[in-house]
$ cat structure-v7.cif   # mmCIF, C-alpha atoms (C1' of nucleotides)
data_entry
loop_
_atom_site.label_atom_id
_atom_site.label_comp_id
_atom_site.auth_asym_id
_atom_site.auth_seq_id
_atom_site.Cartn_x
_atom_site.Cartn_y
_atom_site.Cartn_z
CA MET A 203 15.47 -6.93 10.65
CA ARG A 204 14.37 -10.52 10.81
CA VAL A 205 11.40 -11.75 8.76
CA ARG A 206 9.71 -15.13 8.80
CA ALA A 207 10.59 -17.00 5.62
CA LEU A 208 8.11 -17.31 2.78
CA HIS A 209 6.88 -20.90 2.85
CA ASP A 210 5.01 -22.90 0.20
CA TRP A 211 5.02 -20.34 -2.57
CA PRO A 212 1.83 -20.59 -4.67
CA ARG A 213 2.00 -21.84 -8.26
CA SER A 214 -1.56 -20.81 -9.05
CA PRO A 215 -4.15 -18.27 -7.98
CA ALA A 216 -6.08 -21.03 -6.22
CA GLU A 217 -3.05 -21.90 -4.11
CA ALA A 218 -2.47 -18.24 -3.36
CA GLU A 219 -6.02 -17.86 -2.09
CA ALA A 220 -5.59 -20.92 0.08
CA ILE A 221 -2.48 -19.42 1.64
CA GLN A 222 -4.33 -16.19 2.38
CA ASP A 223 -7.21 -18.10 3.93
CA ARG A 224 -4.79 -20.00 6.14
CA LEU A 225 -2.65 -17.06 7.28
CA ARG A 226 -5.51 -14.65 7.92
CA ALA A 227 -6.26 -16.46 11.16
CA ALA A 228 -3.12 -14.90 12.63
CA VAL A 229 -4.21 -11.31 11.99
CA ARG A 230 -4.98 -9.15 15.03
CA VAL A 231 -6.93 -5.99 14.32
CA THR A 232 -6.40 -4.48 17.78
CA GLY A 233 -3.56 -2.69 19.55
CA GLU A 234 -2.82 0.90 20.50
CA LEU A 235 0.89 1.23 19.75
CA SER A 236 3.14 2.80 22.38
CA GLY A 237 6.53 4.34 21.85
CA VAL A 238 6.65 4.40 18.06
CA ARG A 239 10.10 5.73 17.22
CA ALA A 240 10.82 4.31 13.78
CA VAL A 241 8.26 3.90 11.00
CA ALA A 242 8.97 1.95 7.84
CA GLY A 243 7.53 2.79 4.43
CA LEU A 244 7.41 0.10 1.72
CA ASP A 245 6.92 0.53 -2.00
CA VAL A 246 7.75 -1.19 -5.27
CA ALA A 247 8.65 0.46 -8.58
CA TYR A 248 8.16 -1.44 -11.83
CA ALA A 249 10.32 -1.37 -14.93
CA ASN A 250 8.88 0.61 -17.81
CA ASP A 251 10.12 -1.77 -20.51
CA GLY A 252 7.40 -4.38 -20.22
CA SER A 253 9.58 -6.80 -18.29
CA ASP A 254 8.75 -8.14 -14.85
CA ASP A 255 11.76 -6.40 -13.33
CA LEU A 256 11.06 -4.36 -10.24
CA VAL A 257 12.75 -2.58 -7.38
CA ALA A 258 11.56 -2.88 -3.79
CA ALA A 259 12.36 0.04 -1.52
CA VAL A 260 12.00 0.33 2.23
CA VAL A 261 12.74 3.44 4.21
CA VAL A 262 12.70 3.87 7.97
CA LEU A 263 11.81 7.33 9.22
CA ASP A 264 12.23 8.88 12.64
CA ALA A 265 8.66 9.08 13.89
CA ASP A 266 9.06 12.66 15.12
CA THR A 267 11.24 14.36 12.51
CA LEU A 268 10.19 12.14 9.58
CA GLU A 269 13.83 12.03 8.54
CA MET A 270 15.26 8.86 7.03
CA VAL A 271 17.31 6.81 9.47
CA ASP A 272 17.62 3.57 7.49
CA SER A 273 16.79 2.21 4.06
CA ALA A 274 17.18 -0.76 1.75
CA VAL A 275 16.67 -1.18 -1.98
CA VAL A 276 16.68 -4.49 -3.84
CA ALA A 277 16.10 -5.40 -7.46
CA GLY A 278 13.87 -8.36 -8.22
CA THR A 279 11.39 -9.88 -10.62
CA SER A 280 7.71 -10.52 -10.13
CA THR A 281 6.89 -14.17 -10.62
CA PHE A 282 3.16 -13.96 -10.13
CA PRO A 283 0.53 -12.39 -12.39
CA TYR A 284 -1.35 -9.32 -11.27
CA VAL A 285 -4.71 -10.37 -9.96
CA PRO A 286 -6.65 -7.99 -7.69
CA GLY A 287 -6.86 -9.72 -4.32
CA LEU A 288 -3.61 -11.59 -4.98
CA PHE A 289 -1.52 -8.51 -5.56
CA ALA A 290 0.68 -9.32 -2.54
CA PHE A 291 2.28 -12.25 -4.32
CA ARG A 292 3.86 -9.94 -6.87
CA GLU A 293 5.70 -7.81 -4.35
CA LEU A 294 6.19 -10.00 -1.27
CA PRO A 295 9.54 -11.66 -2.14
CA ALA A 296 11.34 -8.43 -3.01
CA LEU A 297 9.86 -6.54 -0.06
CA VAL A 298 10.85 -9.29 2.36
CA ASP A 299 14.39 -9.18 0.93
CA ALA A 300 14.53 -5.45 1.46
CA LEU A 301 13.19 -5.68 5.03
CA GLU A 302 15.84 -8.26 5.88
CA ARG A 303 18.54 -5.85 4.77
CA LEU A 304 17.48 -3.16 7.21
CA THR A 305 19.95 -2.71 10.03
CA THR A 306 17.12 -1.69 12.36
CA THR A 307 13.72 -3.08 13.27
CA PRO A 308 10.92 -0.55 12.78
CA ASP A 309 8.04 -0.21 15.23
CA LEU A 310 5.44 0.11 12.50
CA LEU A 311 5.11 -0.81 8.82
CA VAL A 312 3.23 1.48 6.43
CA VAL A 313 2.45 -0.45 3.28
CA ASP A 314 1.38 0.78 -0.14
CA GLY A 315 -1.80 -1.28 -0.53
CA GLN A 316 -4.59 -2.78 1.57
CA GLY A 317 -4.55 -4.44 4.95
CA VAL A 318 -7.79 -6.16 5.92
CA ALA A 319 -9.73 -4.08 3.38
CA HIS A 320 -9.51 -7.09 1.13
CA PRO A 321 -11.90 -9.81 -0.10
CA ARG A 322 -10.33 -12.36 2.26
CA ARG A 323 -9.26 -9.78 4.86
CA PHE A 324 -5.61 -10.39 4.05
CA GLY A 325 -4.04 -7.78 1.82
CA LEU A 326 -0.33 -7.06 1.44
CA ALA A 327 -0.10 -5.01 4.65
CA SER A 328 -1.62 -7.85 6.69
CA HIS A 329 0.63 -10.40 5.02
CA LEU A 330 3.76 -8.39 5.84
CA GLY A 331 2.53 -7.80 9.38
CA VAL A 332 2.10 -11.51 9.98
CA LEU A 333 5.50 -12.37 8.46
CA THR A 334 7.32 -9.78 10.58
CA GLU A 335 5.12 -9.70 13.69
CA VAL A 336 5.48 -5.92 13.53
CA PRO A 337 2.35 -3.73 13.62
CA SER A 338 1.34 -2.78 10.09
CA ILE A 339 -1.18 -0.61 8.30
CA GLY A 340 -2.22 -0.39 4.67
CA VAL A 341 -2.52 2.94 2.85
CA ALA A 342 -3.92 2.51 -0.66
CA LYS A 343 -4.44 5.13 -3.32
CA THR A 344 -7.56 3.40 -4.61
CA PRO A 345 -10.01 1.20 -2.69
CA LEU A 346 -11.22 -2.34 -3.18
CA GLY A 347 -14.43 -1.71 -1.24
CA ARG A 348 -17.04 1.04 -1.51
CA TYR A 349 -17.29 4.31 0.36
CA GLU A 350 -19.03 7.67 0.50
CA PRO A 351 -16.82 10.72 -0.01
CA PRO A 352 -15.57 12.14 3.32
CA GLY A 353 -15.80 15.84 4.21
CA PRO A 354 -13.42 18.23 2.46
CA ARG A 355 -10.98 18.87 5.30
CA ARG A 356 -7.84 17.11 6.42
CA GLY A 357 -8.81 14.47 8.97
CA ASP A 358 -12.33 13.92 7.62
CA TRP A 359 -13.13 10.29 6.96
CA THR A 360 -15.90 7.84 6.10
CA PRO A 361 -16.03 4.08 6.52
CA LEU A 362 -14.66 1.84 3.78
CA LEU A 363 -17.12 -0.99 3.35
CA ASP A 364 -17.11 -4.51 2.02
CA GLY A 365 -20.82 -5.14 1.86
CA ALA A 366 -22.07 -4.12 5.31
CA GLU A 367 -18.73 -4.70 6.98
CA VAL A 368 -16.40 -1.82 7.87
CA VAL A 369 -12.94 -2.81 6.66
CA GLY A 370 -11.14 0.54 6.71
CA ARG A 371 -11.52 4.27 6.15
CA ALA A 372 -11.48 6.74 3.28
CA LEU A 373 -9.31 9.40 4.91
CA ARG A 374 -8.70 12.94 3.70
CA THR A 375 -5.07 13.70 4.53
CA GLN A 376 -5.05 17.26 3.12
CA ASP A 377 -7.77 19.81 2.50
CA GLY A 378 -9.42 19.23 -0.84
CA VAL A 379 -7.34 16.28 -2.04
CA ARG A 380 -8.63 12.82 -2.91
CA PRO A 381 -8.81 10.54 0.11
CA VAL A 382 -6.45 7.65 0.80
CA PHE A 383 -7.75 4.28 1.93
CA VAL A 384 -6.50 3.21 5.32
CA SER A 385 -6.93 -0.24 6.77
CA VAL A 386 -5.45 -2.24 9.60
CA GLY A 387 -2.72 -4.62 8.60
CA HIS A 388 -1.87 -6.36 11.85
CA LEU A 389 -1.52 -5.57 15.56
CA VAL A 390 -3.16 -2.12 15.47
CA ASP A 391 -6.69 -0.76 15.67
CA LEU A 392 -8.31 1.42 13.02
CA ASP A 393 -8.28 4.61 15.12
CA THR A 394 -4.56 4.21 15.72
CA ALA A 395 -3.92 3.52 12.05
CA THR A 396 -5.84 6.67 11.11
CA ASP A 397 -3.88 8.79 13.61
CA GLN A 398 -0.57 7.46 12.34
CA VAL A 399 -1.39 8.15 8.71
CA LEU A 400 -2.43 11.71 9.49
CA ARG A 401 0.74 12.26 11.48
CA LEU A 402 2.87 10.85 8.65
CA ALA A 403 1.16 13.06 6.07
CA PRO A 404 1.67 16.63 7.35
CA ARG A 405 1.99 18.16 3.89
CA TYR A 406 1.09 15.82 1.06
CA ARG A 407 -1.71 13.41 0.23
CA LEU A 408 0.44 10.32 0.76
CA PRO A 409 2.38 9.64 3.97
CA GLU A 410 6.08 10.56 3.94
CA THR A 411 6.93 6.90 4.37
CA THR A 412 5.30 6.01 1.08
CA ARG A 413 6.65 9.06 -0.72
CA GLN A 414 10.24 8.52 0.32
CA ALA A 415 10.13 4.81 -0.46
CA ASP A 416 8.63 5.63 -3.84
CA HIS A 417 11.37 8.14 -4.65
CA LEU A 418 14.09 5.76 -3.60
CA GLY A 419 12.66 2.89 -5.61
CA ARG A 420 12.19 4.73 -8.87
CA ALA A 421 15.62 6.32 -8.62
CA ALA A 422 17.05 2.81 -8.54
CA LEU A 423 15.31 1.75 -11.75
CA VAL A 424 17.79 1.69 -14.64
CA ARG A 425 16.97 3.37 -17.90
"C1'" DG B 235 -24.49 -14.42 -14.74
"C1'" DC B 236 -22.02 -9.65 -15.08
"C1'" DG B 237 -19.13 -6.08 -13.66
"C1'" DA B 238 -15.63 -4.25 -10.66
"C1'" DC B 239 -11.09 -5.04 -9.09
"C1'" DA B 240 -4.76 -2.75 -4.24
"C1'" DG B 241 -0.03 -2.20 -7.66
"C1'" DA C 269 2.31 -0.25 -12.06
"C1'" DT C 270 3.58 2.46 -16.58
"C1'" DC C 271 2.82 5.22 -21.13
"C1'" DT C 272 2.10 10.86 -21.74
"C1'" DT C 273 1.39 17.45 -22.76
"C1'" DG C 274 0.07 20.97 -21.07
"C1'" DT C 275 -1.50 23.55 -17.33
"C1'" DC C 276 -2.76 25.61 -12.98
"C1'" DG C 277 -0.83 27.24 -8.59
"C1'" DC C 278 2.42 28.16 -4.76
#
$ encode --input "structure-v7.cif" --output "structure tokens"
Amino acid sequence: MRVRALHDWPRSPAEAEAIQDRLRAAVRVTGELSGVRAVAGLDVAYANDGSDDLVAAVVVLDADTLEMVDSAVVAGTSTFPYVPGLFAFRELPALVDALERLTTTPDLLVVDGQGVAHPRRFGLASHLGVLTEVPSIGVAKTPLGRYEPPGPRRGDWTPLLDGAEVVGRALRTQDGVRPVFVSVGHLVDLDTATDQVLRLAPRYRLPETTRQADHLGRAALVR
DNA sequence: GCGACAG
DNA sequence: ATCTTGTCGC
């Protein structure tokens, strides 16, 4: 698929924040999604040897069968330090490379990380949504904001808050498991994002998109 | 000012 | 993210 090129790459955290503040204006947190046939899952695996080597993996699943119909794996190196809030700049280049190697264009991106549930409302999922102009949602394993525990059953959720503002949801995807943290990336609304995550997680805590991308990525790590 | 802080 | 043993459960 085609992805808008990464322009003016930041050389410092301050520059990275400025880029987020500039691009966030493009984010649309509405949209109902019709005819989703192919859903992409994106994940990055890191080398276990202390280096900055990494592998970005993208899978595309059939929305109904959840079977893989396309995939891409690329090796890369993170050139930006890990700073919460600027996490996207570690994984963006490799993930964009991987997306460009897909032979298909997915209808939805499911990203391992936050969307607008972010201090500047522009997490990795939003960033990728804006660069691709494809609807995107963030599914994180831990939150940046605060929340009250949702009910114990699959489908139960509570708002994820940044101060008084609702930025996403703590969503229980299976009975009795820890919730995942869903937020809008771009071009979808929060109800739709929640529905999609539940549909993509029929059996495990994490959506199949994330799981399959994770498996592919770590299998590609050399050791 | 201090602590917390996606992967 | 990644380093790790055993353990509980289907």
$ resolve_selection --input "structure-v7.cif" --expression "the PyMOL selection byres ((chain B) within 8 of (chain A))" --output "MDAnalysis selection string"
chainID B and resid 239:241
$ resolve_selection --input "structure-v7.cif" --expression "the PyMOL selection byres ((chain C) within 12 of (chain A))" --output "ChimeraX atom specification"
/C:269-271
$ write_last_selection --input "structure-v7.cif" --atoms "C-alpha atoms (C1' of nucleotides)" --output "PDB file, in the frame of the given file"
ATOM      1  C1'  DA C 269       2.310  -0.250 -12.060  1.00  0.00           C
ATOM      2  C1'  DT C 270       3.580   2.460 -16.580  1.00  0.00           C
ATOM      3  C1'  DC C 271       2.820   5.220 -21.130  1.00  0.00           C
TER       4       DC C 271
END
$ atom_distance --input "structure-v7.cif" --atom1 "atom CA of A:Gly370" --atom2 "atom CA of A:Leu392"
7.0 Å
$ atom_distance --input "structure-v7.cif" --atom1 "atom CA of A:Arg420" --atom2 "atom CA of A:Ala259"
8.7 Å
$ closest_residue --input "structure-v7.cif" --among "A:Pro337, A:Leu389, A:Leu400, A:Val379" --to "A:Gly357" --atoms "all atoms listed in the file"
A:Leu400
$ resolve_selection --input "structure-v7.cif" --expression "the PyMOL selection byres ((chain A and resi 207-209) around 10)" --output "list in words"
Arg204, Val205, Arg206, Asp210, Trp211, Pro212, Ile221, Leu294, Pro295, Val298, Asp299, Leu333 and Thr334 of chain A
$ residues_around --input "structure-v7.cif" --residues "A:Val312" --least-positions-apart "5" --cutoff "10 Å" --atoms "only C-alpha atoms (C1' of nucleotides)" --output "JSON, numbers by chain"
{"A": [241, 242, 243, 244, 245, 260, 261, 262, 317, 327, 330, 331, 337, 338, 339, 340, 341, 384, 386, 387, 395, 398, 399, 402, 409, 410, 411, 412]}
$ atom_distance --input "structure-v7.cif" --atom1 "atom CA of A:Ser280" --atom2 "atom CA of A:Asp254"
5.4 Å
$ closest_residue --input "structure-v7.cif" --among "A:Asp266, A:Asp397, A:Glu350, A:Asp391" --to "A:Glu234" --atoms "all atoms listed in the file"
A:Asp391
$ build_atoms --input "structure-v7.cif" --residues "stretch 325-336 of chain A" --atoms "all heavy atoms" --output "mmCIF file, keeping the file's coordinate frame"
data_model
loop_
_atom_site.group_PDB
_atom_site.id
_atom_site.type_symbol
_atom_site.label_atom_id
_atom_site.label_comp_id
_atom_site.auth_asym_id
_atom_site.auth_seq_id
_atom_site.Cartn_x
_atom_site.Cartn_y
_atom_site.Cartn_z
ATOM 1 N N GLY A 325 -4.812 -8.457 2.846
ATOM 2 C CA GLY A 325 -4.040 -7.780 1.820
ATOM 3 C C GLY A 325 -2.561 -7.747 2.158
ATOM 4 O O GLY A 325 -2.119 -8.280 3.179
ATOM 5 N N LEU A 326 -1.792 -7.101 1.300
ATOM 6 C CA LEU A 326 -0.330 -7.060 1.440
ATOM 7 C C LEU A 326 0.125 -6.581 2.809
ATOM 8 O O LEU A 326 1.068 -7.137 3.388
ATOM 9 C CB LEU A 326 0.251 -6.155 0.340
ATOM 10 C CG LEU A 326 1.759 -5.920 0.355
ATOM 11 C CD1 LEU A 326 2.527 -7.226 0.219
ATOM 12 C CD2 LEU A 326 2.151 -4.941 -0.753
ATOM 13 N N ALA A 327 -0.520 -5.554 3.347
ATOM 14 C CA ALA A 327 -0.100 -5.010 4.650
ATOM 15 C C ALA A 327 -0.301 -6.047 5.760
ATOM 16 O O ALA A 327 0.532 -6.158 6.667
ATOM 17 C CB ALA A 327 -0.862 -3.735 4.967
ATOM 18 N N SER A 328 -1.390 -6.797 5.693
ATOM 19 C CA SER A 328 -1.620 -7.850 6.690
ATOM 20 C C SER A 328 -0.600 -8.969 6.531
ATOM 21 O O SER A 328 -0.065 -9.498 7.510
ATOM 22 C CB SER A 328 -3.030 -8.404 6.552
ATOM 23 O OG SER A 328 -3.997 -7.399 6.804
ATOM 24 N N HIS A 329 -0.326 -9.321 5.302
ATOM 25 C CA HIS A 329 0.630 -10.400 5.020
ATOM 26 C C HIS A 329 2.007 -10.046 5.590
ATOM 27 O O HIS A 329 2.646 -10.857 6.270
ATOM 28 C CB HIS A 329 0.699 -10.627 3.503
ATOM 29 C CG HIS A 329 1.073 -12.027 3.118
ATOM 30 N ND1 HIS A 329 0.469 -12.699 2.075
ATOM 31 C CD2 HIS A 329 1.984 -12.880 3.623
ATOM 32 C CE1 HIS A 329 1.003 -13.916 1.969
ATOM 33 N NE2 HIS A 329 1.932 -14.038 2.887
ATOM 34 N N LEU A 330 2.450 -8.814 5.336
ATOM 35 C CA LEU A 330 3.760 -8.390 5.840
ATOM 36 C C LEU A 330 3.751 -8.283 7.362
ATOM 37 O O LEU A 330 4.760 -8.586 8.014
ATOM 38 C CB LEU A 330 4.146 -7.047 5.212
ATOM 39 C CG LEU A 330 4.610 -7.143 3.756
ATOM 40 C CD1 LEU A 330 4.618 -5.769 3.104
ATOM 41 C CD2 LEU A 330 6.001 -7.777 3.690
ATOM 42 N N GLY A 331 2.625 -7.870 7.927
ATOM 43 C CA GLY A 331 2.530 -7.800 9.380
ATOM 44 C C GLY A 331 2.691 -9.173 10.021
ATOM 45 O O GLY A 331 3.403 -9.333 11.010
ATOM 46 N N VAL A 332 2.033 -10.149 9.438
ATOM 47 C CA VAL A 332 2.100 -11.510 9.980
ATOM 48 C C VAL A 332 3.508 -12.095 9.817
ATOM 49 O O VAL A 332 4.023 -12.777 10.704
ATOM 50 C CB VAL A 332 1.049 -12.414 9.307
ATOM 51 C CG1 VAL A 332 1.292 -13.879 9.626
ATOM 52 C CG2 VAL A 332 -0.354 -12.000 9.758
ATOM 53 N N LEU A 333 4.154 -11.817 8.693
ATOM 54 C CA LEU A 333 5.500 -12.370 8.460
ATOM 55 C C LEU A 333 6.543 -11.732 9.378
ATOM 56 O O LEU A 333 7.541 -12.361 9.726
ATOM 57 C CB LEU A 333 5.923 -12.150 7.001
ATOM 58 C CG LEU A 333 5.177 -12.948 5.932
ATOM 59 C CD1 LEU A 333 5.730 -12.625 4.548
ATOM 60 C CD2 LEU A 333 5.271 -14.446 6.200
ATOM 61 N N THR A 334 6.330 -10.482 9.757
ATOM 62 C CA THR A 334 7.320 -9.780 10.580
ATOM 63 C C THR A 334 6.948 -9.727 12.052
ATOM 64 O O THR A 334 7.804 -9.465 12.896
ATOM 65 C CB THR A 334 7.478 -8.313 10.107
ATOM 66 O OG1 THR A 334 6.201 -7.673 10.173
ATOM 67 C CG2 THR A 334 8.004 -8.256 8.672
ATOM 68 N N GLU A 335 5.641 -9.898 12.330
ATOM 69 C CA GLU A 335 5.120 -9.700 13.690
ATOM 70 C C GLU A 335 5.363 -8.276 14.166
ATOM 71 O O GLU A 335 5.555 -8.024 15.363
ATOM 72 C CB GLU A 335 5.712 -10.723 14.673
ATOM 73 C CG GLU A 335 5.075 -12.102 14.534
ATOM 74 C CD GLU A 335 3.542 -12.072 14.710
ATOM 75 O OE1 GLU A 335 3.039 -11.242 15.480
ATOM 76 O OE2 GLU A 335 2.860 -12.865 14.040
ATOM 77 N N VAL A 336 5.392 -7.340 13.224
ATOM 78 C CA VAL A 336 5.480 -5.920 13.530
ATOM 79 C C VAL A 336 4.136 -5.296 13.152
ATOM 80 O O VAL A 336 3.553 -5.666 12.126
ATOM 81 C CB VAL A 336 6.623 -5.253 12.725
ATOM 82 C CG1 VAL A 336 6.576 -3.731 12.835
ATOM 83 C CG2 VAL A 336 7.977 -5.783 13.196
#
